[in-house]
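Asks: One file: structure_6.cif (mmCIF, C-alpha atoms (C1' of nucleotides)).
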```cif
data_query
loop_
_atom_site.label_atom_id
_atom_site.label_comp_id
_atom_site.auth_asym_id
_atom_site.auth_seq_id
_atom_site.Cartn_x
_atom_site.Cartn_y
_atom_site.Cartn_z
CA MET A 1 43.32 24.89 -2.66
CA LYS A 2 41.52 22.04 -4.27
CA LEU A 3 37.81 22.08 -4.66
CA SER A 4 37.40 18.85 -2.72
CA ASP A 5 39.28 20.41 0.15
CA LEU A 6 36.99 23.41 0.15
CA ILE A 7 33.93 21.23 0.20
CA GLU A 8 35.42 19.14 2.97
CA GLU A 9 36.18 22.28 4.97
CA TYR A 10 32.72 23.61 4.49
CA ILE A 11 31.07 20.45 5.73
CA LYS A 12 33.43 20.11 8.65
CA GLU A 13 32.74 23.67 9.67
CA ILE A 14 29.07 22.90 10.02
CA ILE A 15 29.72 19.64 11.82
CA ARG A 16 32.02 21.42 14.23
CA GLU A 17 29.04 23.38 15.43
CA ASN A 18 26.39 20.69 15.34
CA ASP A 19 27.95 17.26 15.36
CA GLU A 20 25.71 16.46 12.45
CA VAL A 21 24.73 17.87 9.05
CA GLU A 22 22.00 17.09 6.68
CA LEU A 23 22.96 18.08 3.19
CA LYS A 24 21.36 18.15 -0.17
CA ARG A 25 23.87 16.90 -2.65
CA SER A 26 22.38 19.06 -5.37
CA ASP A 27 22.57 22.22 -3.26
CA LEU A 28 26.18 21.60 -2.47
CA SER A 29 27.11 20.92 -6.04
CA ARG A 30 25.35 24.09 -7.11
CA MET A 31 27.03 26.01 -4.34
CA PHE A 32 30.49 24.83 -5.29
CA ASN A 33 29.80 24.77 -8.95
CA CYS A 34 30.72 21.20 -9.52
CA VAL A 35 29.10 18.01 -10.68
CA PRO A 36 27.02 16.25 -8.05
CA SER A 37 29.20 13.20 -7.99
CA GLN A 38 32.05 15.28 -6.69
CA ILE A 39 30.19 15.46 -3.43
CA ASN A 40 30.21 11.69 -3.30
CA TYR A 41 33.90 11.74 -3.92
CA VAL A 42 34.52 14.10 -1.04
CA ILE A 43 32.37 12.11 1.30
CA SER A 44 33.79 8.78 0.41
CA THR A 45 37.37 9.93 0.76
CA ARG A 46 37.06 12.20 3.78
CA PHE A 47 34.13 11.21 5.89
CA ILE A 48 34.90 7.60 6.45
CA PRO A 49 34.23 5.63 9.62
CA GLU A 50 37.89 5.42 10.42
CA MET A 51 37.82 9.15 10.87
CA GLY A 52 34.81 9.06 13.10
CA PHE A 53 32.07 9.81 10.64
CA TYR A 54 28.94 7.97 9.92
CA VAL A 55 27.07 8.75 6.71
CA GLU A 56 23.55 7.94 5.73
CA SER A 57 21.48 9.04 2.78
CA ARG A 58 18.30 8.69 0.88
CA ARG A 59 17.41 9.10 -2.77
CA GLY A 60 14.24 10.29 -4.39
CA GLY A 61 12.18 13.38 -3.75
CA GLY A 62 13.33 15.04 -0.56
CA GLY A 63 16.51 12.98 -0.55
CA TYR A 64 19.47 13.92 1.61
CA ILE A 65 22.92 13.02 2.80
CA LYS A 66 23.44 13.04 6.53
CA ILE A 67 26.84 13.04 8.11
CA ILE A 68 27.24 12.42 11.80
CA LYS A 69 30.37 13.07 13.76
CA THR A 70 30.93 10.88 16.73
CA ASP A 71 32.46 12.30 19.88
CA LEU A 72 36.18 12.47 19.39
CA SER A 73 37.41 12.19 22.93
CA LYS A 74 35.82 8.83 23.46
CA SER A 75 36.35 7.66 19.96
CA GLU A 76 40.02 8.18 20.52
CA GLN A 77 39.84 5.42 23.07
CA VAL A 78 39.04 3.06 20.26
CA ALA A 79 40.82 4.94 17.56
CA ASN A 80 44.01 2.99 17.78
CA ILE A 81 42.16 -0.26 17.78
CA ILE A 82 40.06 0.70 14.82
CA ASP A 83 43.24 1.78 13.26
CA LYS A 84 44.79 -1.60 13.74
CA ILE A 85 41.79 -3.43 12.54
CA GLY A 86 42.61 -4.40 9.06
CA ASN A 87 39.93 -4.93 6.55
CA LYS A 88 39.26 -8.44 7.71
CA LEU A 89 38.07 -9.73 11.05
CA SER A 90 37.25 -13.21 12.20
CA GLN A 91 34.55 -13.94 14.72
CA SER A 92 37.07 -14.88 17.32
CA VAL A 93 39.11 -11.74 16.95
CA ILE A 94 35.96 -9.74 17.31
CA ASP A 95 35.18 -11.57 20.51
CA VAL A 96 38.50 -10.48 21.88
CA TYR A 97 37.82 -6.88 20.98
CA LEU A 98 34.40 -6.99 22.51
CA LYS A 99 35.68 -8.39 25.77
CA ASP A 100 38.25 -5.65 25.90
CA PHE A 101 35.71 -2.99 25.17
CA ILE A 102 33.54 -4.26 27.94
CA SER A 103 36.33 -4.40 30.44
CA TYR A 104 37.33 -0.84 29.61
CA ASN A 105 33.75 0.27 29.79
CA VAL A 106 33.76 1.43 26.25
CA LEU A 107 30.55 -0.44 25.79
CA ASP A 108 28.03 -2.35 27.82
CA GLU A 109 27.21 -6.01 27.57
CA LYS A 110 23.97 -5.59 25.77
CA THR A 111 25.60 -3.61 23.04
CA ALA A 112 28.43 -6.06 22.78
CA ARG A 113 25.90 -8.79 22.33
CA LEU A 114 24.20 -6.84 19.58
CA ILE A 115 27.46 -6.46 17.74
CA LYS A 116 28.34 -10.06 18.20
CA ILE A 117 25.05 -11.14 16.71
CA ALA A 118 25.25 -8.71 13.85
CA VAL A 119 28.60 -10.05 12.70
CA SER A 120 28.04 -13.70 13.51
CA ASP A 121 28.39 -16.35 10.89
CA LYS A 122 24.76 -17.03 11.37
CA SER A 123 23.84 -13.52 10.29
CA LEU A 124 26.32 -13.64 7.47
CA ASP A 125 25.35 -17.04 6.24
CA LYS A 126 24.59 -15.83 2.74
CA VAL A 127 27.85 -13.99 2.36
CA ALA A 128 30.46 -16.03 0.57
CA LYS A 129 32.88 -17.47 3.10
CA LEU A 130 35.80 -15.73 1.49
CA ASP A 131 34.18 -12.35 1.90
CA ARG A 132 32.83 -12.82 5.35
CA ASP A 133 35.72 -11.49 7.32
CA SER A 134 35.81 -8.28 5.39
CA VAL A 135 32.07 -7.72 5.60
CA ARG A 136 32.41 -8.43 9.29
CA ALA A 137 35.11 -5.81 9.59
CA ASP A 138 32.98 -3.22 7.82
CA ILE A 139 29.98 -3.81 10.02
CA PHE A 140 32.16 -3.83 13.09
CA LYS A 141 33.85 -0.55 12.26
CA ASN A 142 30.64 1.21 11.44
CA LEU A 143 29.09 0.04 14.66
CA ILE A 144 32.01 0.87 16.88
CA ILE A 145 32.25 4.33 15.46
CA ASN A 146 28.68 4.94 16.32
CA LEU A 147 28.71 3.49 19.74
CA ILE A 148 30.96 6.04 21.04
CA ASP A 149 28.44 8.57 22.09
CA MET B 1 10.70 17.35 4.77
CA LYS B 2 8.90 15.17 2.34
CA LEU B 3 5.20 15.45 1.98
CA SER B 4 4.75 11.74 2.54
CA ASP B 5 6.63 12.03 5.81
CA LEU B 6 4.38 14.83 6.96
CA ILE B 7 1.29 12.85 6.18
CA GLU B 8 2.72 9.82 7.94
CA GLU B 9 3.52 11.90 11.00
CA TYR B 10 0.08 13.40 11.08
CA ILE B 11 -1.62 10.03 11.01
CA LYS B 12 0.72 8.46 13.51
CA GLU B 13 0.17 11.29 15.91
CA ILE B 14 -3.53 10.57 15.97
CA ILE B 15 -3.01 6.85 16.29
CA ARG B 16 -0.65 7.37 19.18
CA GLU B 17 -3.49 8.92 21.11
CA ASN B 18 -6.30 6.66 20.03
CA ASP B 19 -4.93 3.43 18.64
CA GLU B 20 -7.16 4.04 15.69
CA VAL B 21 -8.00 6.69 13.10
CA GLU B 22 -10.76 7.05 10.64
CA LEU B 23 -9.77 9.24 7.75
CA LYS B 24 -11.36 10.62 4.72
CA ARG B 25 -8.90 10.28 1.90
CA SER B 26 -10.29 13.34 0.18
CA ASP B 27 -10.04 15.49 3.32
CA LEU B 28 -6.46 14.48 3.82
CA SER B 29 -5.52 15.18 0.25
CA ARG B 30 -7.16 18.56 0.47
CA MET B 31 -5.46 19.25 3.77
CA PHE B 32 -2.03 18.39 2.43
CA ASN B 33 -2.69 19.74 -0.99
CA CYS B 34 -1.89 16.62 -2.89
CA VAL B 35 -3.59 14.14 -5.15
CA PRO B 36 -5.71 11.56 -3.35
CA SER B 37 -3.60 8.65 -4.45
CA GLN B 38 -0.70 10.05 -2.47
CA ILE B 39 -2.55 9.04 0.63
CA ASN B 40 -2.62 5.49 -0.65
CA TYR B 41 1.09 5.67 -1.26
CA VAL B 42 1.76 6.76 2.30
CA ILE B 43 -0.43 4.09 3.74
CA SER B 44 0.98 1.32 1.66
CA THR B 45 4.59 2.22 2.34
CA ARG B 46 4.31 3.15 6.02
CA PHE B 47 1.43 1.39 7.63
CA ILE B 48 2.34 -2.13 6.85
CA PRO B 49 0.66 -5.12 8.43
CA GLU B 50 3.92 -6.54 9.69
CA MET B 51 4.03 -3.65 12.09
CA GLY B 52 0.65 -4.41 13.44
CA PHE B 53 -1.37 -1.93 11.45
CA TYR B 54 -4.63 -3.08 10.14
CA VAL B 55 -6.18 -0.96 7.43
CA GLU B 56 -9.72 -1.11 6.27
CA SER B 57 -11.63 1.16 3.98
CA ARG B 58 -14.79 1.72 2.18
CA ARG B 59 -15.60 3.53 -1.04
CA GLY B 60 -18.70 5.36 -2.07
CA GLY B 61 -20.68 7.92 -0.18
CA GLY B 62 -19.48 8.21 3.37
CA GLY B 63 -16.39 6.22 2.48
CA TYR B 64 -13.38 6.19 4.77
CA ILE B 65 -10.01 4.72 5.49
CA LYS B 66 -9.57 3.32 8.93
CA ILE B 67 -6.20 2.47 10.36
CA ILE B 68 -6.04 0.41 13.48
CA LYS B 69 -2.97 -0.31 15.53
CA THR B 70 -3.35 -3.70 17.03
CA ASP B 71 -1.92 -3.82 20.48
CA LEU B 72 0.47 -6.69 20.38
CA SER B 73 2.88 -7.55 23.10
CA LYS B 74 6.52 -7.23 22.25
CA SER B 75 7.02 -10.89 21.71
CA GLU B 76 3.92 -11.16 19.60
CA GLN B 77 5.09 -8.30 17.50
CA VAL B 78 8.45 -9.85 17.04
CA ALA B 79 7.02 -13.21 16.21
CA ASN B 80 4.65 -11.58 13.82
CA ILE B 81 7.37 -9.72 12.06
CA ILE B 82 9.79 -12.57 11.88
CA ASP B 83 7.02 -14.56 10.44
CA LYS B 84 6.14 -12.09 7.75
CA ILE B 85 9.54 -10.82 6.84
CA GLY B 86 10.52 -12.54 3.67
CA ASN B 87 14.10 -13.39 3.06
CA LYS B 88 14.85 -10.00 1.61
CA LEU B 89 14.69 -6.56 3.16
CA SER B 90 15.56 -3.19 1.73
CA GLN B 91 17.03 -0.42 3.82
CA SER B 92 13.90 1.63 3.59
CA VAL B 93 11.61 -1.12 4.77
CA ILE B 94 13.88 -1.66 7.72
CA ASP B 95 13.61 2.03 8.48
CA VAL B 96 9.88 1.66 8.67
CA TYR B 97 10.21 -1.24 11.08
CA LEU B 98 12.69 0.52 13.28
CA LYS B 99 10.70 3.71 13.49
CA ASP B 100 7.72 1.78 14.68
CA PHE B 101 9.70 -0.30 17.12
CA ILE B 102 10.85 2.90 18.68
CA SER B 103 7.50 4.52 18.83
CA TYR B 104 6.00 1.47 20.46
CA ASN B 105 8.90 1.03 22.81
CA VAL B 106 9.95 -2.31 21.49
CA LEU B 107 13.43 -0.93 21.04
CA ASP B 108 15.21 2.10 22.38
CA GLU B 109 16.65 4.64 19.99
CA LYS B 110 20.22 3.68 20.52
CA THR B 111 19.62 0.06 19.73
CA ALA B 112 17.57 0.94 16.71
CA ARG B 113 20.36 3.14 15.48
CA LEU B 114 22.88 0.38 15.85
CA ILE B 115 20.71 -2.04 13.98
CA LYS B 116 20.25 0.48 11.24
CA ILE B 117 23.97 0.87 10.95
CA ALA B 118 24.66 -2.83 11.05
CA VAL B 119 22.41 -3.44 8.07
CA SER B 120 23.17 -0.28 6.11
CA ASP B 121 24.57 -0.38 2.62
CA LYS B 122 27.66 1.23 4.05
CA SER B 123 28.30 -1.75 6.26
CA LEU B 124 27.36 -4.19 3.55
CA ASP B 125 29.37 -2.51 0.88
CA LYS B 126 31.37 -5.62 0.11
CA VAL B 127 28.35 -7.84 -0.22
CA ALA B 128 27.27 -8.26 -3.81
CA LYS B 129 24.34 -5.99 -4.52
CA LEU B 130 22.09 -8.81 -5.48
CA ASP B 131 22.63 -10.51 -2.15
CA ARG B 132 22.43 -7.48 0.06
CA ASP B 133 18.76 -7.53 0.82
CA SER B 134 18.89 -11.11 1.91
CA VAL B 135 21.98 -10.67 4.06
CA ARG B 136 20.25 -7.64 5.52
CA ALA B 137 17.20 -9.70 6.33
CA ASP B 138 19.33 -12.36 8.03
CA ILE B 139 21.16 -9.87 10.21
CA PHE B 140 17.98 -8.06 11.04
CA LYS B 141 16.13 -11.21 12.04
CA ASN B 142 18.96 -12.45 14.16
CA LEU B 143 19.21 -9.15 15.91
CA ILE B 144 15.59 -8.71 16.76
CA ILE B 145 15.16 -12.30 17.83
CA ASN B 146 18.04 -11.93 20.19
CA LEU B 147 17.54 -8.42 21.43
CA ILE B 148 13.91 -8.36 22.26
CA ASP B 149 12.79 -10.14 25.34
"C1'" DT C 1 54.47 7.47 -13.10
"C1'" DA C 2 51.37 6.87 -9.40
"C1'" DA C 3 48.02 8.88 -6.79
"C1'" DC C 4 44.48 11.99 -6.40
"C1'" DT C 5 40.64 15.01 -8.50
"C1'" DT C 6 37.23 16.35 -11.64
"C1'" DT C 7 33.68 15.32 -14.89
"C1'" DG C 8 29.73 13.26 -17.02
"C1'" DA C 9 26.92 9.56 -18.72
"C1'" DC C 10 24.19 6.20 -16.88
"C1'" DT C 11 21.61 3.73 -12.93
"C1'" DT C 12 18.79 3.16 -8.91
"C1'" DT C 13 15.61 4.53 -5.54
"C1'" DC C 14 11.84 6.98 -3.79
"C1'" DT C 15 7.96 10.38 -4.46
"C1'" DT C 16 4.33 12.80 -6.84
"C1'" DT C 17 0.79 13.06 -10.20
"C1'" DG C 18 -3.12 11.81 -12.97
"C1'" DA C 19 -6.02 9.05 -15.82
"C1'" DC C 20 -8.85 5.33 -15.32
"C1'" DT C 21 -11.47 1.84 -12.45
"C1'" DA C 22 -14.37 -0.07 -8.67
"C1'" DT C 23 -17.54 0.36 -4.96
"C1'" DT C 24 -21.20 2.29 -2.11
"C1'" DA C 25 -24.96 5.32 -0.85
"C1'" DT C 26 -28.81 7.96 -2.11
"C1'" DA C 27 -32.47 9.71 -4.65
"C1'" DC C 28 -35.89 8.71 -7.90
"C1'" DA C 29 -38.97 6.36 -10.77
"C1'" DT C 30 -41.90 2.23 -11.22
"C1'" DA D 1 -40.43 -2.73 -2.44
"C1'" DT D 2 -37.42 -2.83 -6.57
"C1'" DG D 3 -34.59 -1.50 -9.78
"C1'" DT D 4 -31.73 2.32 -11.87
"C1'" DA D 5 -29.15 6.43 -12.44
"C1'" DT D 6 -26.04 9.57 -10.20
"C1'" DA D 7 -22.89 11.25 -7.13
"C1'" DA D 8 -19.46 10.43 -3.82
"C1'" DT D 9 -15.84 7.96 -2.45
"C1'" DA D 10 -11.66 5.02 -2.49
"C1'" DG D 11 -8.21 1.93 -5.37
"C1'" DT D 12 -4.73 0.89 -9.07
"C1'" DC D 13 -1.10 1.47 -11.95
"C1'" DA D 14 2.11 3.45 -14.75
"C1'" DA D 15 4.49 7.65 -16.15
"C1'" DA D 16 6.99 11.69 -14.79
"C1'" DG D 17 9.91 13.91 -11.44
"C1'" DA D 18 13.43 14.37 -7.95
"C1'" DA D 19 17.12 13.03 -5.66
"C1'" DA D 20 21.32 10.33 -4.76
"C1'" DG D 21 24.81 6.49 -6.38
"C1'" DT D 22 28.28 4.31 -9.59
"C1'" DC D 23 31.99 3.95 -12.47
"C1'" DA D 24 35.34 4.84 -15.54
"C1'" DA D 25 37.61 8.25 -18.44
"C1'" DA D 26 40.12 12.50 -18.52
"C1'" DG D 27 42.82 15.86 -16.11
"C1'" DT D 28 46.23 17.29 -12.33
"C1'" DT D 29 49.83 17.09 -9.21
"C1'" DA D 30 53.57 15.29 -6.39
#
```
Could I get this structure in the form of structure tokens?

Replies:
Amino acid sequence: MKLSDLIEEYIKEIIRENDEVELKRSDLSRMFNCVPSQINYVISTRFIPEMGFYVESRRGGGGYIKIIKTDLSKSEQVANIIDKIGNKLSQSVIDVYLKDFISYNVLDEKTARLIKIAVSDKSLDKVAKLDRDSVRADIFKNLIINLID
Amino acid sequence: MKLSDLIEEYIKEIIRENDEVELKRSDLSRMFNCVPSQINYVISTRFIPEMGFYVESRRGGGGYIKIIKTDLSKSEQVANIIDKIGNKLSQSVIDVYLKDFISYNVLDEKTARLIKIAVSDKSLDKVAKLDRDSVRADIFKNLIINLID
DNA sequence: TAACTTTGACTTTCTTTGACTATTATACAT
DNA sequence: ATGTATAATAGTCAAAGAAAGTCAAAGTTA
């Protein structure tokens, strides 16, 4: 078994019990006897939003990496949509999604509005036009994953 | 937990009850077993004027540091912040804002979490690093203008 | 060979520490 | 009362420390 798989297993085991882990990258790398950046590798290949994980971290003294697992049953409702979402999304396509989500009670209107604002052209004004749809998709995915509570 | 976080918590706890604290820097540093200037660090990174904290102090015998939470209405707070936010915002400064919004009931936790996600480096991965803080600021401003009533 | 893993040098971010500076109050001498 | 020294505070700033992130080269495996 590959090291990365072991590390993945280990983290998932903890998440299975708590829905959330706060890790110290350095502890983990010591524990598994690997370079610290291997932890980043594992996280970036296995704990991605498409799989229902949200990751946040902080550097500096007392830094950490936090991985949060969103509820699977509900996230499966959106899973196929997320799945079909490519890596680009226009405003109008997002509107369609949002309407759908509302009508299936996956999210409420206020939240939909928040998402709409967050990914609007107005918010993304400074992002080069060519990149906008992919930034939009990233924000959208991360948000959707986390909404499902 | 980081020392700075503990100190922040301690101070905020008192303010929550009184809207105002008068501290002795030297007492605090003794209490938390740190150098005095750490107190300045905490204050300057966590009790920022944009959030409605007003800090005043005095040196010399009987010196003190007084932190006052001005009681602004939601809309005043928002206006205040929008006004003072430059056109760039780091993740960590946003964290400070959000924490305070929550503790003063300007936002609920869920909304704050979503905002945090929307402006996280994860979501903005595709935005050139140099531009991230300004895109972040745009999204953040748009969201709070539109979400707070 | 193409995709995936492992490694390590280098970067960035945030925190802690300490040496030095500035201000204020108080006691003391005139 | 007036000025002066001293002690008691707080402020500043830069260096050191403590994490985590990035990226590309080297190694493995299907």

Asks: Please provide the set of residues having any atom within 12 Å of D:DA25, restricted to all atoms listed in the file, with same-chain residues fewer than 5 positions apart removed, written as a ChimeraX atom specification.

Replies: /C:6-9

Asks: Give me, as a list in words, all polymer residues having an atom no more than 9 Å from D:DG17, counting all atoms listed in the file and skipping those fewer than 4 positions away in the same chain.

Replies: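 Answer for this query is Gly61 of chain A; DT15 and DT16 of chain C.
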
Asks: Could you tell me which residues of chain C sit within 9 Å of chain B when counting only C-alpha atoms (C1' of nucleotides), and give me the result as a list in words?

Replies: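 So the residues of chain C near chain B are DT15, DT16, DT17, DG18, DA22, DT23, DT24, DA25 and DT26 of chain C.
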
Asks: May I have the residues within 12 Å of C:DA19 as a compact mmCIF listing (two decimals) with C-alpha atoms (C1' of nucleotides), in the frame of the given file, using only C-alpha atoms (C1' of nucleotides) and disregarding those fewer than 3 positions away in the same chain?

Replies:
```txt
# COMPACT_ATOMS: atom_id res chain seq x y z
CA SER B 37 -3.60 8.65 -4.45
C1' DT D 12 -4.73 0.89 -9.07
C1' DC D 13 -1.10 1.47 -11.95
C1' DA D 14 2.11 3.45 -14.75
C1' DA D 15 4.49 7.65 -16.15
```

Asks: Using only C-alpha atoms (C1' of nucleotides) and a distance of at most 10 Å, pull out the residues of chain D that contact chain A, as a ChimeraX atom specification.

Replies: /D:17-22

Asks: To test your reading of the syntax: which residues would the PyMOL selection byres ((chain C and resi 29) around 10) return for the file shown? Reply as a PyMOL selection string.

Replies: (chain C and resi 27-28+30) or (chain D and resi 3-5)

Asks: Apply the PyMOL selection byres ((chain A and resi 133) around 7) to the structure shown and report the selected residues as a short mmCIF file (atom, residue, chain, number, x, y, z; two decimals) with C-alpha atoms, keeping the file's coordinate frame.

Replies:
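For reference, selection34.cif as written:
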```
data_model
loop_
_atom_site.label_atom_id
_atom_site.label_comp_id
_atom_site.auth_asym_id
_atom_site.auth_seq_id
_atom_site.Cartn_x
_atom_site.Cartn_y
_atom_site.Cartn_z
CA LYS A 88 39.26 -8.44 7.71
CA LEU A 89 38.07 -9.73 11.05
CA SER A 90 37.25 -13.21 12.20
CA ASP A 131 34.18 -12.35 1.90
CA ARG A 132 32.83 -12.82 5.35
CA SER A 134 35.81 -8.28 5.39
CA VAL A 135 32.07 -7.72 5.60
CA ARG A 136 32.41 -8.43 9.29
CA ALA A 137 35.11 -5.81 9.59
#
```

Asks: Compute the set of chain A residues within 9 Å of chain B, using only C-alpha atoms, and express it as an NGL selection string.

Replies: :A and (54-56 or 58 or 61-63 or 110-111 or 113-115 or 117-120 or 122-128 or 131-132 or 134-143 or 146-147)

Asks: First superpose chain A onto chain B using a least-squares fit over all Cα atoms taken in order; then report the RMSD in Å.

Replies: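 Once chain A is overlaid on chain B, the RMSD is 11.7 Å.
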
Asks: Please compute the atom CA of B:Ile39-atom CA of B:Glu8 distance, one decimal, in Å.

Replies: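 Going from atom CA of B:Ile39 over to atom CA of B:Glu8 covers 9.0 Å.
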
Asks: Figure out the distance between atom CA of B:Tyr104 and atom CA of B:Glu50, please, to one decimal in Å.

Replies: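 Separation between atom CA of B:Glu50 and atom CA of B:Tyr104: 13.6 Å.
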
Asks: Convert the output of the PyMOL selection byres ((chain B and resi 11) around 10) on the shown file into explicit residues, formatted as a VMD selection string.

Replies: chain B and resid 5 to 10 12 to 16 20 to 23 28 42 to 43 47 67

Asks: In Å, rounded to a single decimal, give me how far atom CA of B:Glu17 is from atom CA of B:Ile68.

Replies: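 Between atom CA of B:Ile68 and atom CA of B:Glu17 the gap is 11.7 Å.
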